[in-house]
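*Asks:* My structure is below; once you've seen it, I'll send some questions.
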Amino acid sequence: MECDVDGIKAKAEIMRSDIIEMTTSAGSGHPGGSLSAADFVAALYFNVMRHDPANPGWEDRDRFVLSKGHVAPVLYAALAESGYFPKEELATLRKLGSRLQGHPVRGKLPGVEMSTGSLGQGLSMACGIALAGKKDGKDYKTYCMLGDGELQSGQNWEAAMFASQFELGNLIAVVDRNRLQITGCTEETMSLEPLAEKWRSFGWNVIIIDGHNVKQILDACRKAGESKRNPVVIIMNTIKGKGVSFMEGNADFHGKVCNREEYSRATEELRKAIR
Amino acid sequence: MTGYKRIAQRNYYGKALVDIAADRSDVFVLDADLAGSTKTSEFLKVARDRFVECGIAEQNMIGVAAGLAASGKTVFASTFAIFATGRCWEQIRLAVAYPGLNVKIVATHSGISVGEDGASHQALEDIALMRALPNMTVISPADAYEAYRAVVAAAEWDGPVYIRMGRSEFPCVTEEDDIFVIGKAKVLRKGSDVTFIATGQMVSGCLEAAAKLEAEGISAEVVNMSTIKPLDRDTVLRSAEKTGCVVTAEEHSIIGGLGSAVAELLSEELPVPVKRIGTGDIFGESGSPDELFVKYNLTADDLAAAAKTVISRKESETE
Ligand SMILES: Cc1ncc(C[n+]2csc(CCOP(=O)(O)OP(=O)(O)O)c2C)c(N)n1
Ligand SMILES: [Mg+2]
């Protein structure tokens with residue numbers, strides 16, 4: 001199912017609403033970083049990636065590794081909306097016996113490529129998937145979404161070195177640059193800047209975009225897809241909590257869900273956005 | 001458990017750090033983007049200069065802790081148990097344990113009672129990992145009060161210490177003014193038919209199980225083994241000698257934890273029937289702590305049933 005820009009925007013709003021629904025009903029989870037990633041993840045699943053919900057093990061599918069696994073809700077929302085599993089199952093998030101674990105688990109739910117949740121490990125896994133693609137002569141792409149706070153973890157930079165050493169031009173990392181981690185602002189906690197220069201110096205092509213502008217996301221992915229030897233990182237500037245006014249830019253909603261009153265405000269706002 | 005106050009251990013960790021901060025200017029506290037959860041944020045409020053936020057970079061945090069300790073500081077380093085012990089194991093081994101430095105690794109969010117976050121966040125192997133390290137002292141307090149005392153004792157102790165705490169609120173089964181000595185277990189309830197040796201919040205489960213058993217005419221002893229390493233051998237042997245059978249209980253894998261430590265000792269010194277209660281050879285999963293305790297057979301009923309099993313084994317052996 002391939003959507004155009006407006007179609008992707010509509011999907012992202014549906015996913016936002018699903019994120020609020022499922023985290024509220026679970027009573028725990030991470031809405032802030034799920035909402036900031038929603039537009040990009042929607043673009044991946046409803047336009048950019050080659051995938052088949054009816055055949056999640058398809059060898060030639062593009063792969064998506066959610067390294068910042070705490071935002072599992074945005075992944076689950078995209079997978080359900082794509083048809084990997086029934087949407088009603090979203091209501092089971094984080095509950096005993098659910099396939100929708102608090103953090104993604106490979107093998108539990110169709111469409112989940114790798115187990116994540118401990119930050120800093122996903123890019124290495126994505127390197128392995130991309131390397132296998134090259135060795136097997138496959139043309140699939142591997143996408144890996146990273147948190148900006150997550151980049152403080154050293155393993156990312158081991159993976160960054162590896163990807164350029166092995167010329168993983170089929171690997172596309174995306175950094176959700178929402179400038180917040182749990183403690184607060186990333187730059188006050190453990191500064192990442194100059195971030196683009198860091199990636200460039202590790203041999204990566206860097207594309208900087210507005211992560212809530214779907215056209216820019218599509219252009220960036222197209223351009224990234226053309227790289228032959230260099231791995232590409234898309235640094236997307238985003239707003240944590242995007243789409244729910246009181247969550248926007250608010251570190252408190254990193255790992256806190258809506259109470260009753262916040263829930264009705266959030267759903268009201270999102271309903272308007274969906275129209 | 002009814003009738004007991006329920007408090008999260010990490011709240012008392014924060015409290016202890018604040019109390020220590022006042023008269024110990026050598027104490028530094030490090031965290032890795034989880035200060036609000038581990039409660040080291042309390043120390044930050046009173047000793048900002050000696051609080052070091054390391055960002056999401058746990059391995060680096062342990063190295064920095066070692067360097068500070070090598071320069072005369074007493075360092076508390078905190079994050080969730082799985083990241084502290086799993087992610088950083090070799091850093092702890094080389095930089096902290098081998099030279100025997102004064103780094104106190106206080107980890108919260110251990111065990112399956114982490115709940116909804118699921119397997120990636122539920123440390124069921126941390127005791128095993130830390131216990132395997134030479135020079136490491138391993139403490140798993142029974143409740144918030146004992147957590148406070150363990151932190152104070154660790155600050156006084158010369159050498160590396162690992163203290164394991166939970167996320168949720170546990171029943172407080174010890175007294176606020178009890179005395180805590182590293183390496184000394186406490187018999188919380190005397191009994192003659194079976195011994196429970198428990199650690200962490202499983203101590204309260206064992207007390208509950210002992211009360212249930214009493215109603216059926218079975219007399220169970222309950223030992224709070226809050227220091228897992230060095231293990232209080234005398235207390236284990238004395239109690240096992242008296243009752244002739246043992247159930248161990250921990251919110252941890254039965255591979256490598258308290259149950260293993262006790263079984264190792266008893267099989268060499270005093271072979272008696274032993275049953276280890278803990279999680280099996282599995283990863284955890286999402287769910288509420290209570291649901292997970294039922295699913296993974298960690299409730300007081302499971303403990304009482306295990307007691308009956310070892311008692312019958314003991315009896316069939318003496319027939
Ligand atoms: C290794 C590790 N350390 C700590 C955590 C706890 N944790 C979960 S989310 C988070 C902050 C992540 O911030 P960021 O990467 O910026 O994500 P986002 O803002 O997109 O939610 C932390 C510290 C973890 N999951 N893994
Ligand atoms: Mg962030």
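Every chain in the structure tokens has a letter given in the order shown (A, B, ...), and although residue numbers restart at 1 in each chain, ligands are simply numbered from 1 in the order shown.
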For chain B against chain A, which residues fall within 9 Å using only C-alpha atoms, given as a list in words?
*Replies:*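 Going by the stated atoms only, the list reads Asp33, Leu34, Ala35, Gly36, Glu53, Cys54, Gly55, Ile56, Ala57, Glu58, Gln59, Asn60, Ile82, Phe83, Arg87, Gly115, Glu116, Asp117, Gly118, Ala119, Ser120, His121, Glu285, Ser286, Gly287, Ser288, Glu291 and Leu292 of chain B.
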*Asks:* With a distance cut-off of 9 Å and only C-alpha atoms, select the neighbouring residues of Leu168 in chain A, excluding the residue or stretch itself and same-chain residues fewer than 6 positions from it, and output the selection as a list in words.
*Replies:*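 The residues satisfying every condition are Cys127, Ala130, Leu131, Lys134, Phe162, Lys228, Arg229, Asn230, Pro231 and Val232 of chain A.
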*Asks:* Quick one: everything within 8 Å of range 136-148 of chain B, counting only C-alpha atoms, minus sequence neighbours fewer than 4 positions away in the same chain. Send it as an NGL selection string.
*Replies:* :B and (7-13 or 15-16 or 97 or 100 or 127 or 130-131 or 152 or 159-165 or 170-176 or 180 or 182 or 199-204 or 224-230)
*Asks:* Output N, CA and C atoms of each residue in that selection to a file, as a tab-separated table (two decimals), in the first residue's frame.
*Replies:*
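New file out31.tsv:
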```tsv
chain	number	residue	atom	x	y	z
B	7	ILE	N	6.82	0.18	50.87
B	7	ILE	CA	7.67	1.30	50.44
B	7	ILE	C	8.61	0.79	49.34
B	8	ALA	N	8.87	1.65	48.36
B	8	ALA	CA	9.85	1.28	47.32
B	8	ALA	C	11.26	1.46	47.89
B	9	GLN	N	12.08	0.45	47.66
B	9	GLN	CA	13.45	0.50	48.20
B	9	GLN	C	14.22	1.71	47.69
B	10	ARG	N	14.00	2.07	46.42
B	10	ARG	CA	14.79	3.16	45.85
B	10	ARG	C	14.51	4.49	46.55
B	11	ASN	N	13.29	4.63	47.12
B	11	ASN	CA	13.03	5.87	47.87
B	11	ASN	C	13.97	5.97	49.07
B	12	TYR	N	14.23	4.82	49.68
B	12	TYR	CA	15.13	4.84	50.84
B	12	TYR	C	16.59	4.90	50.42
B	13	TYR	N	16.87	4.52	49.20
B	13	TYR	CA	18.22	4.73	48.66
B	13	TYR	C	18.48	6.24	48.58
B	15	LYS	N	17.05	8.60	50.20
B	15	LYS	CA	17.11	9.11	51.57
B	15	LYS	C	18.48	8.85	52.20
B	16	ALA	N	18.98	7.64	52.02
B	16	ALA	CA	20.28	7.29	52.60
B	16	ALA	C	21.39	8.15	52.00
B	97	ALA	N	36.32	-4.44	40.34
B	97	ALA	CA	36.49	-5.60	41.21
B	97	ALA	C	37.96	-6.01	41.33
B	100	GLY	N	39.76	-3.83	43.48
B	100	GLY	CA	39.07	-3.71	44.77
B	100	GLY	C	38.72	-2.29	45.15
B	127	ILE	N	22.38	-11.14	40.07
B	127	ILE	CA	23.07	-11.69	41.25
B	127	ILE	C	24.15	-12.66	40.78
B	130	MET	N	27.17	-10.76	39.36
B	130	MET	CA	28.00	-10.07	40.35
B	130	MET	C	28.66	-11.05	41.31
B	131	ARG	N	27.96	-12.14	41.60
B	131	ARG	CA	28.49	-13.12	42.54
B	131	ARG	C	29.73	-13.82	41.98
B	152	VAL	N	24.09	2.61	53.79
B	152	VAL	CA	24.96	3.21	54.82
B	152	VAL	C	26.16	2.29	55.08
B	159	GLY	N	35.82	-1.46	49.72
B	159	GLY	CA	35.81	-2.33	48.54
B	159	GLY	C	34.52	-2.26	47.76
B	160	PRO	N	34.49	-2.98	46.65
B	160	PRO	CA	33.32	-2.95	45.75
B	160	PRO	C	32.10	-3.62	46.37
B	161	VAL	N	30.95	-3.03	46.13
B	161	VAL	CA	29.70	-3.60	46.63
B	161	VAL	C	28.65	-3.49	45.52
B	162	TYR	N	27.86	-4.52	45.38
B	162	TYR	CA	26.68	-4.45	44.51
B	162	TYR	C	25.44	-4.54	45.39
B	163	ILE	N	24.56	-3.56	45.28
B	163	ILE	CA	23.29	-3.61	46.02
B	163	ILE	C	22.15	-3.64	45.01
B	164	ARG	N	21.29	-4.62	45.21
B	164	ARG	CA	20.19	-4.86	44.29
B	164	ARG	C	18.88	-4.35	44.89
B	165	MET	N	18.19	-3.50	44.15
B	165	MET	CA	16.89	-3.01	44.63
B	165	MET	C	15.82	-3.20	43.58
B	170	PHE	N	7.48	-2.71	48.18
B	170	PHE	CA	7.50	-4.02	48.86
B	170	PHE	C	7.03	-3.84	50.30
B	171	PRO	N	6.48	-4.90	50.88
B	171	PRO	CA	6.14	-4.85	52.32
B	171	PRO	C	7.43	-4.70	53.14
B	172	CYS	N	7.39	-3.86	54.17
B	172	CYS	CA	8.57	-3.68	55.02
B	172	CYS	C	8.50	-4.69	56.16
B	173	VAL	N	9.36	-5.69	56.09
B	173	VAL	CA	9.31	-6.78	57.06
B	173	VAL	C	10.38	-6.66	58.14
B	174	THR	N	11.32	-5.71	57.97
B	174	THR	CA	12.30	-5.50	59.03
B	174	THR	C	11.92	-4.23	59.79
B	175	GLU	N	12.58	-4.02	60.91
B	175	GLU	CA	12.30	-2.81	61.70
B	175	GLU	C	13.21	-1.69	61.21
B	176	GLU	N	12.73	-0.47	61.31
B	176	GLU	CA	13.51	0.65	60.81
B	176	GLU	C	14.84	0.79	61.56
B	180	PHE	N	22.27	-3.72	60.84
B	180	PHE	CA	22.62	-4.44	59.61
B	180	PHE	C	24.12	-4.62	59.55
B	182	ILE	N	27.03	-6.41	57.09
B	182	ILE	CA	27.30	-7.09	55.82
B	182	ILE	C	27.82	-8.49	56.12
B	199	THR	N	15.78	-13.89	49.83
B	199	THR	CA	16.42	-12.59	49.66
B	199	THR	C	15.48	-11.65	48.92
B	200	GLY	N	15.67	-10.34	49.13
B	200	GLY	CA	14.83	-9.35	48.47
B	200	GLY	C	13.39	-9.45	48.94
B	201	GLN	N	12.47	-9.12	48.04
B	201	GLN	CA	11.07	-9.13	48.47
B	201	GLN	C	10.53	-10.53	48.69
B	202	MET	N	11.29	-11.57	48.30
B	202	MET	CA	10.83	-12.93	48.56
B	202	MET	C	10.84	-13.24	50.06
B	203	VAL	N	11.55	-12.44	50.84
B	203	VAL	CA	11.53	-12.65	52.30
B	203	VAL	C	10.11	-12.48	52.81
B	204	SER	N	9.43	-11.47	52.31
B	204	SER	CA	8.06	-11.26	52.79
B	204	SER	C	7.16	-12.41	52.33
B	224	ASN	N	16.48	-14.30	56.46
B	224	ASN	CA	16.67	-13.20	55.51
B	224	ASN	C	18.15	-13.16	55.13
B	225	MET	N	18.44	-13.66	53.94
B	225	MET	CA	19.83	-13.68	53.48
B	225	MET	C	20.08	-12.43	52.65
B	226	SER	N	20.28	-11.31	53.34
B	226	SER	CA	20.41	-10.07	52.57
B	226	SER	C	21.80	-9.90	51.97
B	227	THR	N	22.80	-10.54	52.56
B	227	THR	CA	24.10	-10.56	51.87
B	227	THR	C	24.23	-11.91	51.19
B	228	ILE	N	24.37	-11.90	49.89
B	228	ILE	CA	24.48	-13.17	49.16
B	228	ILE	C	25.94	-13.57	49.02
B	229	LYS	N	26.79	-12.55	49.01
B	229	LYS	CA	28.23	-12.83	48.99
B	229	LYS	C	28.94	-11.78	49.82
B	230	PRO	N	29.73	-12.12	50.82
B	230	PRO	CA	29.97	-13.48	51.28
B	230	PRO	C	28.73	-14.07	51.97
```
*Asks:* Using the chain letters and numbers from this document, which residues of range 61-279 of chain B does DSSP assign to strand (DSSP E), as a PyMOL selection string?
*Replies:* chain B and resi 74-80+103-108+137-139+161-164+169-171+186-189+194-198+220-224+227-229+246-253+274-279
*Asks:* Just write the chosen residues, N, CA and C atoms, as a compact mmCIF listing (two decimals), in the first residue's frame.
*Replies:*
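Wrote out_21.txt, looks like this:
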```
# COMPACT_ATOMS: atom_id res chain seq x y z
N THR B 74 34.65 7.86 47.41
CA THR B 74 33.74 6.72 47.56
C THR B 74 32.60 6.99 46.59
N VAL B 75 32.40 6.06 45.66
CA VAL B 75 31.51 6.36 44.55
C VAL B 75 30.30 5.44 44.53
N PHE B 76 29.12 6.03 44.45
CA PHE B 76 27.90 5.27 44.19
C PHE B 76 27.53 5.47 42.73
N ALA B 77 27.36 4.38 42.01
CA ALA B 77 26.99 4.45 40.59
C ALA B 77 25.68 3.70 40.41
N SER B 78 24.72 4.36 39.79
CA SER B 78 23.38 3.75 39.72
C SER B 78 22.77 3.80 38.33
N THR B 79 22.04 2.77 38.03
CA THR B 79 21.16 2.69 36.87
C THR B 79 20.28 1.47 37.10
N PHE B 80 19.53 1.05 36.08
CA PHE B 80 18.72 -0.16 36.24
C PHE B 80 19.65 -1.38 36.30
N VAL B 103 33.84 1.34 44.77
CA VAL B 103 32.69 1.69 43.93
C VAL B 103 31.50 0.86 44.41
N LYS B 104 30.42 1.54 44.70
CA LYS B 104 29.21 0.87 45.18
C LYS B 104 28.19 0.96 44.05
N ILE B 105 27.92 -0.17 43.44
CA ILE B 105 26.97 -0.19 42.34
C ILE B 105 25.60 -0.47 42.94
N VAL B 106 24.76 0.54 42.92
CA VAL B 106 23.42 0.37 43.48
C VAL B 106 22.44 0.38 42.32
N ALA B 107 21.86 -0.77 42.06
CA ALA B 107 20.99 -0.91 40.89
C ALA B 107 19.55 -1.06 41.34
N THR B 108 18.68 -0.33 40.68
CA THR B 108 17.24 -0.46 40.96
C THR B 108 16.60 -1.23 39.80
N THR B 137 31.16 -7.77 46.86
CA THR B 137 30.18 -8.06 47.89
C THR B 137 28.80 -7.84 47.28
N VAL B 138 27.89 -8.78 47.50
CA VAL B 138 26.58 -8.71 46.85
C VAL B 138 25.47 -8.67 47.90
N ILE B 139 24.70 -7.60 47.87
CA ILE B 139 23.64 -7.42 48.86
C ILE B 139 22.30 -7.24 48.17
N VAL B 161 30.95 -3.03 46.13
CA VAL B 161 29.70 -3.60 46.63
C VAL B 161 28.65 -3.49 45.52
N TYR B 162 27.86 -4.52 45.38
CA TYR B 162 26.68 -4.45 44.51
C TYR B 162 25.44 -4.54 45.39
N ILE B 163 24.56 -3.56 45.28
CA ILE B 163 23.29 -3.61 46.02
C ILE B 163 22.15 -3.64 45.01
N ARG B 164 21.29 -4.62 45.21
CA ARG B 164 20.19 -4.86 44.29
C ARG B 164 18.88 -4.35 44.89
N GLU B 169 6.75 -1.13 45.16
CA GLU B 169 6.69 -1.04 46.63
C GLU B 169 6.62 -2.44 47.22
N PHE B 170 7.48 -2.71 48.18
CA PHE B 170 7.50 -4.02 48.86
C PHE B 170 7.03 -3.84 50.30
N PRO B 171 6.48 -4.90 50.88
CA PRO B 171 6.14 -4.85 52.32
C PRO B 171 7.43 -4.70 53.14
N LYS B 186 19.81 -12.95 58.99
CA LYS B 186 18.97 -12.88 60.18
C LYS B 186 17.85 -13.91 60.11
N VAL B 187 17.67 -14.59 61.25
CA VAL B 187 16.52 -15.48 61.33
C VAL B 187 15.33 -14.62 61.75
N LEU B 188 14.37 -14.47 60.85
CA LEU B 188 13.22 -13.60 61.15
C LEU B 188 12.10 -14.36 61.84
N ARG B 189 12.11 -15.68 61.65
CA ARG B 189 11.08 -16.49 62.28
C ARG B 189 11.70 -17.85 62.56
N VAL B 194 11.26 -26.96 58.42
CA VAL B 194 11.80 -26.58 57.11
C VAL B 194 12.39 -25.17 57.23
N THR B 195 13.43 -24.92 56.43
CA THR B 195 14.05 -23.60 56.43
C THR B 195 13.81 -22.89 55.11
N PHE B 196 13.28 -21.68 55.18
CA PHE B 196 13.26 -20.81 54.01
C PHE B 196 14.49 -19.90 54.07
N ILE B 197 15.27 -19.89 53.01
CA ILE B 197 16.36 -18.92 52.92
C ILE B 197 16.01 -18.00 51.75
N ALA B 198 15.75 -16.75 52.07
CA ALA B 198 15.19 -15.86 51.05
C ALA B 198 15.96 -14.56 50.96
N ALA B 220 7.97 -23.51 60.09
CA ALA B 220 8.98 -23.08 59.13
C ALA B 220 9.85 -21.97 59.69
N GLU B 221 11.15 -22.11 59.47
CA GLU B 221 12.09 -21.06 59.85
C GLU B 221 12.31 -20.16 58.62
N VAL B 222 12.43 -18.85 58.85
CA VAL B 222 12.66 -17.94 57.73
C VAL B 222 13.95 -17.15 57.96
N VAL B 223 14.88 -17.31 57.04
CA VAL B 223 16.16 -16.61 57.12
C VAL B 223 16.19 -15.52 56.05
N ASN B 224 16.48 -14.30 56.46
CA ASN B 224 16.67 -13.20 55.51
C ASN B 224 18.15 -13.16 55.13
N THR B 227 22.80 -10.54 52.56
CA THR B 227 24.10 -10.56 51.87
C THR B 227 24.23 -11.91 51.19
N ILE B 228 24.37 -11.90 49.89
CA ILE B 228 24.48 -13.17 49.16
C ILE B 228 25.94 -13.57 49.02
N LYS B 229 26.79 -12.55 49.01
CA LYS B 229 28.23 -12.83 48.99
C LYS B 229 28.94 -11.78 49.82
N VAL B 246 15.54 -27.45 53.01
CA VAL B 246 15.67 -26.02 52.71
C VAL B 246 14.94 -25.65 51.42
N VAL B 247 14.26 -24.51 51.49
CA VAL B 247 13.71 -23.88 50.27
C VAL B 247 14.39 -22.52 50.13
N THR B 248 14.97 -22.27 48.97
CA THR B 248 15.54 -20.94 48.74
C THR B 248 14.56 -20.13 47.91
N ALA B 249 14.59 -18.81 48.07
CA ALA B 249 13.62 -17.97 47.36
C ALA B 249 14.24 -16.66 46.95
N GLU B 250 14.15 -16.39 45.66
CA GLU B 250 14.72 -15.15 45.13
C GLU B 250 13.93 -14.72 43.90
N GLU B 251 13.89 -13.43 43.67
CA GLU B 251 13.22 -12.90 42.47
C GLU B 251 14.30 -12.80 41.39
N HIS B 252 14.79 -13.93 40.97
CA HIS B 252 15.99 -14.02 40.15
C HIS B 252 16.00 -15.42 39.57
N SER B 253 16.79 -15.63 38.56
CA SER B 253 16.93 -16.97 37.99
C SER B 253 17.45 -17.94 39.07
N VAL B 274 16.86 -29.81 48.98
CA VAL B 274 16.78 -28.37 48.69
C VAL B 274 15.85 -28.16 47.51
N LYS B 275 15.03 -27.14 47.58
CA LYS B 275 14.24 -26.74 46.42
C LYS B 275 14.49 -25.25 46.20
N ARG B 276 14.87 -24.90 44.97
CA ARG B 276 15.13 -23.49 44.66
C ARG B 276 13.89 -22.87 44.03
N ILE B 277 13.40 -21.80 44.65
CA ILE B 277 12.30 -21.05 44.04
C ILE B 277 12.88 -19.76 43.47
N GLY B 278 12.53 -19.51 42.21
CA GLY B 278 12.99 -18.33 41.49
C GLY B 278 12.49 -18.50 40.08
N THR B 279 12.98 -17.67 39.17
CA THR B 279 12.56 -17.90 37.79
C THR B 279 13.45 -18.99 37.21
```
*Asks:* Excluding Ala77 in chain A and its own-chain neighbours fewer than 2 positions away, which residues fall within 9 Å of it when counting only C-alpha atoms? Please give them as a list in words.
*Replies:*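 Once the adjacent positions are removed, what remains is Ile14, Met15, Arg16, Asp18, Ile19, Ala72, Pro73, Val74, Leu75, Leu79, Ala80, Glu81, Ser82, Lys87 and Leu90 of chain A.
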*Asks:* Deliver the residues from the most recent selection as a file, using N, CA, C and O atoms, as a CSV table (one decimal), in the first residue's frame.
*Replies:*
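Written out: selection.csv:
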```
chain,number,residue,atom,x,y,z
A,14,ILE,N,-3.4,8.9,12.4
A,14,ILE,CA,-4.1,7.7,12.9
A,14,ILE,C,-3.1,7.0,13.9
A,14,ILE,O,-3.5,6.6,15.0
A,15,MET,N,-1.9,6.9,13.5
A,15,MET,CA,-0.9,6.2,14.4
A,15,MET,C,-0.7,7.0,15.7
A,15,MET,O,-0.6,6.4,16.8
A,16,ARG,N,-0.7,8.3,15.6
A,16,ARG,CA,-0.6,9.1,16.8
A,16,ARG,C,-1.8,8.8,17.8
A,16,ARG,O,-1.6,8.7,19.0
A,18,ASP,N,-3.5,6.1,17.8
A,18,ASP,CA,-3.3,4.8,18.4
A,18,ASP,C,-2.3,4.7,19.5
A,18,ASP,O,-2.5,4.0,20.5
A,19,ILE,N,-1.3,5.5,19.3
A,19,ILE,CA,-0.2,5.6,20.4
A,19,ILE,C,-0.8,6.1,21.7
A,19,ILE,O,-0.6,5.5,22.8
A,72,ALA,N,8.2,1.5,21.1
A,72,ALA,CA,7.5,0.3,20.5
A,72,ALA,C,6.1,0.7,20.0
A,72,ALA,O,5.7,0.3,19.0
A,73,PRO,N,5.4,1.6,20.8
A,73,PRO,CA,4.0,1.9,20.3
A,73,PRO,C,3.9,2.5,18.9
A,73,PRO,O,3.0,2.1,18.1
A,74,VAL,N,4.9,3.3,18.5
A,74,VAL,CA,4.8,3.8,17.1
A,74,VAL,C,5.1,2.7,16.1
A,74,VAL,O,4.4,2.6,15.0
A,75,LEU,N,5.9,1.7,16.4
A,75,LEU,CA,6.1,0.6,15.5
A,75,LEU,C,4.9,-0.3,15.5
A,75,LEU,O,4.4,-0.7,14.4
A,79,LEU,N,2.7,-1.2,12.2
A,79,LEU,CA,2.5,-2.6,11.8
A,79,LEU,C,1.0,-3.0,11.7
A,79,LEU,O,0.6,-3.6,10.8
A,80,ALA,N,0.3,-2.6,12.7
A,80,ALA,CA,-1.2,-2.9,12.7
A,80,ALA,C,-1.9,-2.2,11.6
A,80,ALA,O,-2.7,-2.8,10.9
A,81,GLU,N,-1.5,-0.9,11.4
A,81,GLU,CA,-2.2,-0.2,10.3
A,81,GLU,C,-1.8,-0.8,8.9
A,81,GLU,O,-2.6,-0.7,8.0
A,82,SER,N,-0.6,-1.4,8.8
A,82,SER,CA,-0.2,-2.0,7.6
A,82,SER,C,-0.9,-3.3,7.4
A,82,SER,O,-0.9,-3.9,6.3
A,87,LYS,N,-5.9,-4.7,14.3
A,87,LYS,CA,-5.7,-3.5,15.1
A,87,LYS,C,-6.2,-3.7,16.5
A,87,LYS,O,-5.7,-3.0,17.4
A,90,LEU,N,-3.8,-3.9,19.5
A,90,LEU,CA,-3.1,-2.8,20.0
A,90,LEU,C,-3.5,-2.6,21.5
A,90,LEU,O,-2.7,-2.2,22.3
```
